[in-house]
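K.L.:
Right, I'll just put the structure down here and ask away after.
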Amino acid sequence: MNLTLRMDPLRGVYLISILFTFSLLQAVSSEGLEECHPAKSCGSCMRIDPRCSWCKDTSDTFISLRCDTREELEQNGCSPADILTTVSRVEIVQDLHVRDPTYDEATDELLEEAIPIEPQEVRISLRRGETQTIKAKVRQVADYPVDLYYLMDLSFSMNDDLQNIQGLGETLGVRMRQITRSFALGFGSFVDKPVSPFINPIQAVTNKVSCSDDCVPTYSFRNELRLNQNTTLFSDKVRNTRISTNEDEAEGTLDAIMQATVCKGHIGWRDDARRLLLITSDAPFHIEGDGKMAGILTPNDGECHLDEDSYQTSHLYDYPSIGQLNDTLVENNIITIFAISGEASLYRDLANIIQGANFATLTSSSSNIETIITDTYAAITGSIKMTYSKPEGIELSFRSNCTRLENSPYPLECSDIADGGEITFEVDVTATRCVNQTFTIYPIGFESRLTVHVSVMCNCSCELKPDYNSSYCSGGSGNEVCGICECLPGRYGDMCECTGENDEQQDQTAKDQFCKPDNSSSVLCSGRGECICGECRCHQSPEAGEEISGTYCECNNQACPLDDGEVCGGSERGECVCGLDQRTNECQCRPGYTGETCSCPTQTDTCRASNGRICNDQGDCTCGKCYCREGSKFSGPQCDECLTCTECDRYINCVKCVRFNTTDRPSEEECAACIYVIHNVTEQPRLNNTGSCSLSDLNNCSISFWHDSEETVNGTINIYIREKEDCPHSETSLVGLELHFLILLIVIGIILIGLLLIFIYRLYTWYLDRKEYQQFLAEKEKAQWEKVQNPIYQSSTTTFQNPSYGGKSAS
């Protein structure tokens, strides 16, 4: 029967991730967290990693590193009661549920304010590098109060626009009350700073304008109508407002926006309302630095300077910068709407810079202003844009279940939100620095905010309560703080056990030099020990059986080379020790073994051939193995196997040792290993059981010898060598010729033939050249030359006849 196991791929990935996480945690728990180890105090330990804990145990049972994971500290003997760690937490301080506002049905008076975000206040305590999550909810409040302040450019070019918005108050009031019961409308106007060169120099002196009788003198900003729920007042105020003029094209738009934003009491902004600031213009605007043209050098201070609802001191302060204006709008939670009939690209870029701003194109007569307001408000209430005040040392990450808008400039922007709709979101708060912070998270357009207080835990409470002159620190030579000693002057060391003037850093540096192998190293005791009194005291390794030693803690008894998967071949062959220099590891082999990894046995029993000889006298025994000599016919584990060998090959080397004195003679070691009995004879012995052999020397002379076919009674073998060699006759053999003399003659002959060929070629070319030269001389003699007039030649002089000259000579 066949069984098939099938697994969902996602479930398989999930199981693999669990196994990986478990193995990672097991590795961390078994080896500790290396990042924690360098910490020298409890506070520094808390600041390294959220997983680091500190042991303040002062008993003798704990001798390991004090900063490590809690599991590792307990495993190394630290009492659980003495392990210091900090627990992160999120505490909700205020948590009122989101709700819409409540009004009196008869008077439309606001009875209960809306709550658009929950919770309202949270406290977080966490370690540096740790993340905590805040869960929150935002509601798109229905029937939320709205404040709309209409800020209009009243330079001369906007005259027709002023006429067209006179009836805006009533119609806009009707439209907005369909959205909210509490709608307030205000009106303000602006032109430019009333100083030259922004206005006519004559006007700057006489305060008289030249446009028409209906114009008023140039002013910077006026609060024409405070925010009021009686929209009829808006139309009346517009009818009584007159235009003005200025000299240059740009207007003081930013000046007006700043005053309309910060003069909260004058404008009438309500705390519990969505604040909209509508700006209409058809001209560009002045920016920071333009005031220098009028001699205004004082930067804009971002304060309210309205006097009788007019910006009377605009000539004292420069225009605000765009960044300053954006920060002020964000701080006062005001949403700007730029309705522009000219300079569209300029104001569109400005709207992209200012948080929450909107841009719309205004017709030349402002006839579509009502549509712009209602459509823009619908777009504002159709989405929720979340942002936050920028905290230092804190990183925020937003997540939500809503339909997020891609490429949004806001941390979280949710679209398609109807009135009364809610979204839930999570914010991951990560501390990157040891700085306590308070920041706010809020939806743009609402005054309510989520205030977050972050406390980063980077210190230990025991650091505030030291044990002065503690007996733990070498009998009162220091103060015990969280389990470590802070030494008194004149003492130093982990337990203040060292005596000496170590207060100055240079003294400590001088003593640290004794704990480093050379000046190029910046790590004391190789990072595996402590420099105490100018000596390295090596750490105890957490690994079982591992020991760290050496002058600079550079040795490790598990760091020697492996053989058969074990250090130094295993404990039976050798052990890893610190060398004579006390800096490098080496294997110390036990008797019977040698080599770098103690892998070579010193016994030669495994190299002995069947004849009892070591490697059959044909090789060397190294590390219990035979390595046959190069060029030898023998091979095999004991160099005793030879497929092409004869019986004579066994004795040839011994014969060469006796008869040869040339380079063909075997080495002295091989000759010393020859154990046969040599006999020099004049002819072949007449013995039974003898074999006949011969060999040739470099002169092609043949040497004959004979040997016993079997060992004699006393276990020896006799070799009989004939004293006379058989050499060929020199007068009939070509071998007798001097080979080098013959080669020399051949080379000389080749050279002479080459020189002869060169001479013949050179003689031939000389003959041809001489023949051509003779022919040239003959042709030259035959040449005949004729002198003729050049037909194109003209004389360089011209003669003219004087017509009055009669040809007579003077008398």
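Each chain of the structure tokens is named A, B, ... in the order shown, its residues numbered from 1; ligands are numbered from 1 in display order.
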Considering only strand (DSSP E) as DSSP defines it on the backbone, what residues of segment 160-329 of chain A qualify? List them as a ChimeraX atom specification.

P.N.:
/A:183-190,221-228,274-281,306-307,310-311

K.L.:
Please dump the current selection as a PDB file, in the first residue's frame; keep C-alpha atoms.

P.N.:
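After the write, out-v2.pdb holds the following:
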```
ATOM      1  CA  PHE A 183     -20.547  76.448  10.652  1.00  0.00           C
ATOM      2  CA  ALA A 184     -18.648  79.720  11.168  1.00  0.00           C
ATOM      3  CA  LEU A 185     -17.499  82.020   8.357  1.00  0.00           C
ATOM      4  CA  GLY A 186     -14.909  84.828   8.547  1.00  0.00           C
ATOM      5  CA  PHE A 187     -13.314  87.232   6.098  1.00  0.00           C
ATOM      6  CA  GLY A 188      -9.849  88.797   5.795  1.00  0.00           C
ATOM      7  CA  SER A 189      -7.939  90.640   3.101  1.00  0.00           C
ATOM      8  CA  PHE A 190      -4.347  91.395   2.221  1.00  0.00           C
ATOM      9  CA  PHE A 221      -3.405  92.255   6.309  1.00  0.00           C
ATOM     10  CA  ARG A 222      -6.799  93.110   7.796  1.00  0.00           C
ATOM     11  CA  ASN A 223      -9.198  90.909   9.731  1.00  0.00           C
ATOM     12  CA  GLU A 224     -12.366  92.195   8.106  1.00  0.00           C
ATOM     13  CA  LEU A 225     -14.788  89.805   9.838  1.00  0.00           C
ATOM     14  CA  ARG A 226     -14.194  87.546  12.816  1.00  0.00           C
ATOM     15  CA  LEU A 227     -15.441  83.959  12.431  1.00  0.00           C
ATOM     16  CA  ASN A 228     -19.181  84.078  13.000  1.00  0.00           C
ATOM     17  CA  ARG A 274     -12.169  71.722  11.691  1.00  0.00           C
ATOM     18  CA  ARG A 275     -10.250  74.847  10.671  1.00  0.00           C
ATOM     19  CA  LEU A 276     -10.158  75.769   6.981  1.00  0.00           C
ATOM     20  CA  LEU A 277      -8.192  78.733   5.627  1.00  0.00           C
ATOM     21  CA  LEU A 278      -9.218  79.641   2.052  1.00  0.00           C
ATOM     22  CA  ILE A 279      -6.737  81.854   0.149  1.00  0.00           C
ATOM     23  CA  THR A 280      -7.701  83.437  -3.192  1.00  0.00           C
ATOM     24  CA  SER A 281      -5.232  85.346  -5.366  1.00  0.00           C
ATOM     25  CA  LEU A 306      -2.694  92.665  14.956  1.00  0.00           C
ATOM     26  CA  ASP A 307      -3.694  96.059  16.272  1.00  0.00           C
ATOM     27  CA  SER A 310      -4.799  95.238  11.207  1.00  0.00           C
ATOM     28  CA  TYR A 311      -1.149  94.185  10.780  1.00  0.00           C
TER      29      TYR A 311
END
```

K.L.:
Taking 4 positions as the minimum chain separation for residues in the same chain, which residues sit within 6 Å of Cys525 of chain A when counting only C-alpha atoms? Answer as a VMD selection string.

P.N.:
chain A and resid 515 529 536 552 to 553

K.L.:
For atom CA of Asp640 of chain A and atom CA of Glu596 of chain A, quote the distance in Å rounded to one decimal.

P.N.:
29.2 Å

K.L.:
Do you know which residues are at most 12 Å from Tyr377 of chain A counting only C-alpha atoms, after dropping those on the same chain fewer than 6 positions away, and could you put them as a PyMOL selection string?

P.N.:
chain A and resi 144+146-148+175-176+179-180+274-278+335-337+357-360+370-371+383+445

K.L.:
Nearest residue to Asp708 of chain A out of A:Glu308, A:Glu647, A:Glu546, A:Asp68, using only C-alpha atoms?

P.N.:
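Among the listed residues, the smallest separation from Asp708 of chain A belongs to A:Glu647.
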
K.L.:
Near Gly302 of chain A, within 12 Å and counting only C-alpha atoms, which residues show up once chain neighbours fewer than 6 positions away are dropped, as a ChimeraX atom specification?

P.N.:
/A:254-263,314,317-329,331

K.L.:
Using DSSP assignments from the backbone, pull out every residue in segment 16-186 of chain A that falls under alpha helix (DSSP H) and give it to me as a PyMOL selection string.

P.N.:
chain A and resi 16-31+42-48+70-75+159-164+168-177

K.L.:
Would you tabulate, counting only C-alpha atoms, all residues of segment 136-186 of chain A that have an atom at most 12 Å from an atom of segment 384-406 of chain A, showing the closest pair of atoms and their distance in Å to one decimal, sorted by chain then ascending number, as a Markdown table?

P.N.:
```
| residue | atom | partner | partner_atom | distance |
| --- | --- | --- | --- | --- |
| A:Ala136 | CA | A:Ser400 | CA | 9.7 |
| A:Lys137 | CA | A:Ser400 | CA | 9.7 |
| A:Val138 | CA | A:Ile384 | CA | 8.3 |
| A:Arg139 | CA | A:Ile384 | CA | 8.6 |
| A:Gln140 | CA | A:Ile384 | CA | 7.2 |
| A:Val141 | CA | A:Ile384 | CA | 10.5 |
```

K.L.:
Just the selected residues (N, CA and C atoms), exported as an mmCIF file, in the first residue's frame, please.

P.N.:
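Result file follows (result-v1.cif):
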```cif
data_model
loop_
_atom_site.group_PDB
_atom_site.id
_atom_site.type_symbol
_atom_site.label_atom_id
_atom_site.label_comp_id
_atom_site.auth_asym_id
_atom_site.auth_seq_id
_atom_site.Cartn_x
_atom_site.Cartn_y
_atom_site.Cartn_z
ATOM 1 N N ALA A 136 -4.795 51.853 17.996
ATOM 2 C CA ALA A 136 -5.643 53.040 18.094
ATOM 3 C C ALA A 136 -6.761 52.965 17.065
ATOM 4 N N LYS A 137 -7.725 53.894 17.227
ATOM 5 C CA LYS A 137 -8.881 53.951 16.337
ATOM 6 C C LYS A 137 -9.164 55.419 16.024
ATOM 7 N N VAL A 138 -9.560 55.684 14.772
ATOM 8 C CA VAL A 138 -9.917 57.028 14.333
ATOM 9 C C VAL A 138 -11.292 56.969 13.677
ATOM 10 N N ARG A 139 -12.096 57.980 13.979
ATOM 11 C CA ARG A 139 -13.452 58.066 13.418
ATOM 12 C C ARG A 139 -13.564 59.322 12.559
ATOM 13 N N GLN A 140 -14.147 59.177 11.367
ATOM 14 C CA GLN A 140 -14.461 60.336 10.533
ATOM 15 C C GLN A 140 -15.758 60.932 11.077
ATOM 16 N N VAL A 141 -15.575 61.867 12.000
ATOM 17 C CA VAL A 141 -16.707 62.371 12.766
ATOM 18 C C VAL A 141 -17.712 63.048 11.844
#
```

K.L.:
Which of these, A:Ser470, A:Val98, A:Gln801, A:Leu757, has the shortest distance to Ile423 of chain A once you count only C-alpha atoms?

P.N.:
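Checking each of A:Ser470, A:Val98, A:Gln801, A:Leu757 against Ile423 of chain A, counting only C-alpha atoms, the winner is A:Val98.
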
K.L.:
Could you tell me how far atom CA of Gln540 of chain A sits from atom CA of Val523 of chain A, in Å to one decimal place?

P.N.:
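These atoms are spaced 17.9 Å apart.
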
K.L.:
Can you tell me, as a PyMOL selection string, what residues are no more than 10 Å from segment 629-636 of chain A when counting only C-alpha atoms, ignoring any on the same chain fewer than 6 positions away?

P.N.:
chain A and resi 609+615-620+642-645+649

K.L.:
Just checking: using only C-alpha atoms, which residue out of A:Ser125, A:Thr85, A:Thr231, A:Thr646 ends up closest to Cys434 of chain A?

P.N.:
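The shortest atom-to-atom distance to Cys434 of chain A comes from A:Ser125.
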
K.L.:
Would you pick out the contacts of His37 of chain A at 12 Å or less, using only C-alpha atoms, so that residues sharing its chain but fewer than 2 positions from it are not included, and give the list as a PyMOL selection string?

P.N.:
chain A and resi 31-35+39-42+44-46+48-49+51-55+64-69+72-73+527-529+539

K.L.:
Report, in Å to a single decimal, how far apart atom CA of Met158 of chain A and atom CA of Ser366 of chain A are.

P.N.:
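Atom CA of Met158 of chain A lies 9.1 Å from atom CA of Ser366 of chain A.
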
K.L.:
At most 12 Å is the cut-off: for each residue in segment 590-656 of chain A with any atom that close to an atom of segment 683-697 of chain A, write down the nearest atom pair and the distance in Å rounded to one decimal, counting only C-alpha atoms, chain first then increasing number, as CSV.

P.N.:
```
residue,atom,partner,partner_atom,distance
A:Thr646,CA,A:Cys693,CA,9.8
A:Glu647,CA,A:Gly691,CA,8.2
A:Cys648,CA,A:Cys693,CA,5.8
A:Asp649,CA,A:Cys693,CA,9.0
A:Arg650,CA,A:Cys693,CA,10.7
A:Tyr651,CA,A:Cys693,CA,9.2
A:Ile652,CA,A:Leu695,CA,7.6
A:Asn653,CA,A:Leu695,CA,10.3
A:Cys654,CA,A:Leu695,CA,11.8
A:Val655,CA,A:Leu695,CA,9.0
A:Lys656,CA,A:Leu695,CA,9.0
```

K.L.:
For the selection just defined, write its residues with N, CA, C and O atoms to a file, as a PDB file, in the first residue's frame.

P.N.:
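Output (out08.pdb):
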```
ATOM      1  N   THR A 646      62.311  -9.213 -12.673  1.00  0.00           N
ATOM      2  CA  THR A 646      62.891 -10.563 -12.747  1.00  0.00           C
ATOM      3  C   THR A 646      63.631 -10.830 -11.444  1.00  0.00           C
ATOM      4  O   THR A 646      63.769  -9.939 -10.596  1.00  0.00           O
ATOM      5  N   GLU A 647      64.150 -12.009 -11.315  1.00  0.00           N
ATOM      6  CA  GLU A 647      64.896 -12.354 -10.100  1.00  0.00           C
ATOM      7  C   GLU A 647      66.178 -11.532 -10.010  1.00  0.00           C
ATOM      8  O   GLU A 647      66.664 -11.228  -8.917  1.00  0.00           O
ATOM      9  N   CYS A 648      66.716 -11.139 -11.188  1.00  0.00           N
ATOM     10  CA  CYS A 648      67.977 -10.389 -11.190  1.00  0.00           C
ATOM     11  C   CYS A 648      67.802  -8.981 -10.614  1.00  0.00           C
ATOM     12  O   CYS A 648      68.728  -8.394 -10.043  1.00  0.00           O
ATOM     13  N   ASP A 649      66.601  -8.356 -10.810  1.00  0.00           N
ATOM     14  CA  ASP A 649      66.371  -6.998 -10.336  1.00  0.00           C
ATOM     15  C   ASP A 649      66.541  -6.871  -8.837  1.00  0.00           C
ATOM     16  O   ASP A 649      66.835  -5.777  -8.319  1.00  0.00           O
ATOM     17  N   ARG A 650      66.391  -7.971  -8.153  1.00  0.00           N
ATOM     18  CA  ARG A 650      66.505  -7.958  -6.698  1.00  0.00           C
ATOM     19  C   ARG A 650      67.945  -7.681  -6.248  1.00  0.00           C
ATOM     20  O   ARG A 650      68.159  -7.117  -5.177  1.00  0.00           O
ATOM     21  N   TYR A 651      68.942  -8.065  -7.094  1.00  0.00           N
ATOM     22  CA  TYR A 651      70.342  -7.984  -6.662  1.00  0.00           C
ATOM     23  C   TYR A 651      71.146  -6.929  -7.415  1.00  0.00           C
ATOM     24  O   TYR A 651      72.325  -6.722  -7.119  1.00  0.00           O
ATOM     25  N   ILE A 652      70.518  -6.270  -8.423  1.00  0.00           N
ATOM     26  CA  ILE A 652      71.291  -5.352  -9.274  1.00  0.00           C
ATOM     27  C   ILE A 652      71.879  -4.210  -8.466  1.00  0.00           C
ATOM     28  O   ILE A 652      73.049  -3.816  -8.644  1.00  0.00           O
ATOM     29  N   ASN A 653      71.093  -3.593  -7.539  1.00  0.00           N
ATOM     30  CA  ASN A 653      71.604  -2.451  -6.774  1.00  0.00           C
ATOM     31  C   ASN A 653      72.821  -2.823  -5.945  1.00  0.00           C
ATOM     32  O   ASN A 653      73.755  -2.019  -5.797  1.00  0.00           O
ATOM     33  N   CYS A 654      72.812  -4.026  -5.378  1.00  0.00           N
ATOM     34  CA  CYS A 654      73.966  -4.441  -4.582  1.00  0.00           C
ATOM     35  C   CYS A 654      75.215  -4.587  -5.462  1.00  0.00           C
ATOM     36  O   CYS A 654      76.335  -4.256  -5.050  1.00  0.00           O
ATOM     37  N   VAL A 655      75.036  -5.104  -6.692  1.00  0.00           N
ATOM     38  CA  VAL A 655      76.158  -5.235  -7.606  1.00  0.00           C
ATOM     39  C   VAL A 655      76.670  -3.856  -8.011  1.00  0.00           C
ATOM     40  O   VAL A 655      77.883  -3.614  -8.083  1.00  0.00           O
ATOM     41  N   LYS A 656      75.766  -2.899  -8.251  1.00  0.00           N
ATOM     42  CA  LYS A 656      76.188  -1.540  -8.596  1.00  0.00           C
ATOM     43  C   LYS A 656      76.960  -0.891  -7.462  1.00  0.00           C
ATOM     44  O   LYS A 656      77.893  -0.132  -7.695  1.00  0.00           O
TER      45      LYS A 656
END
```
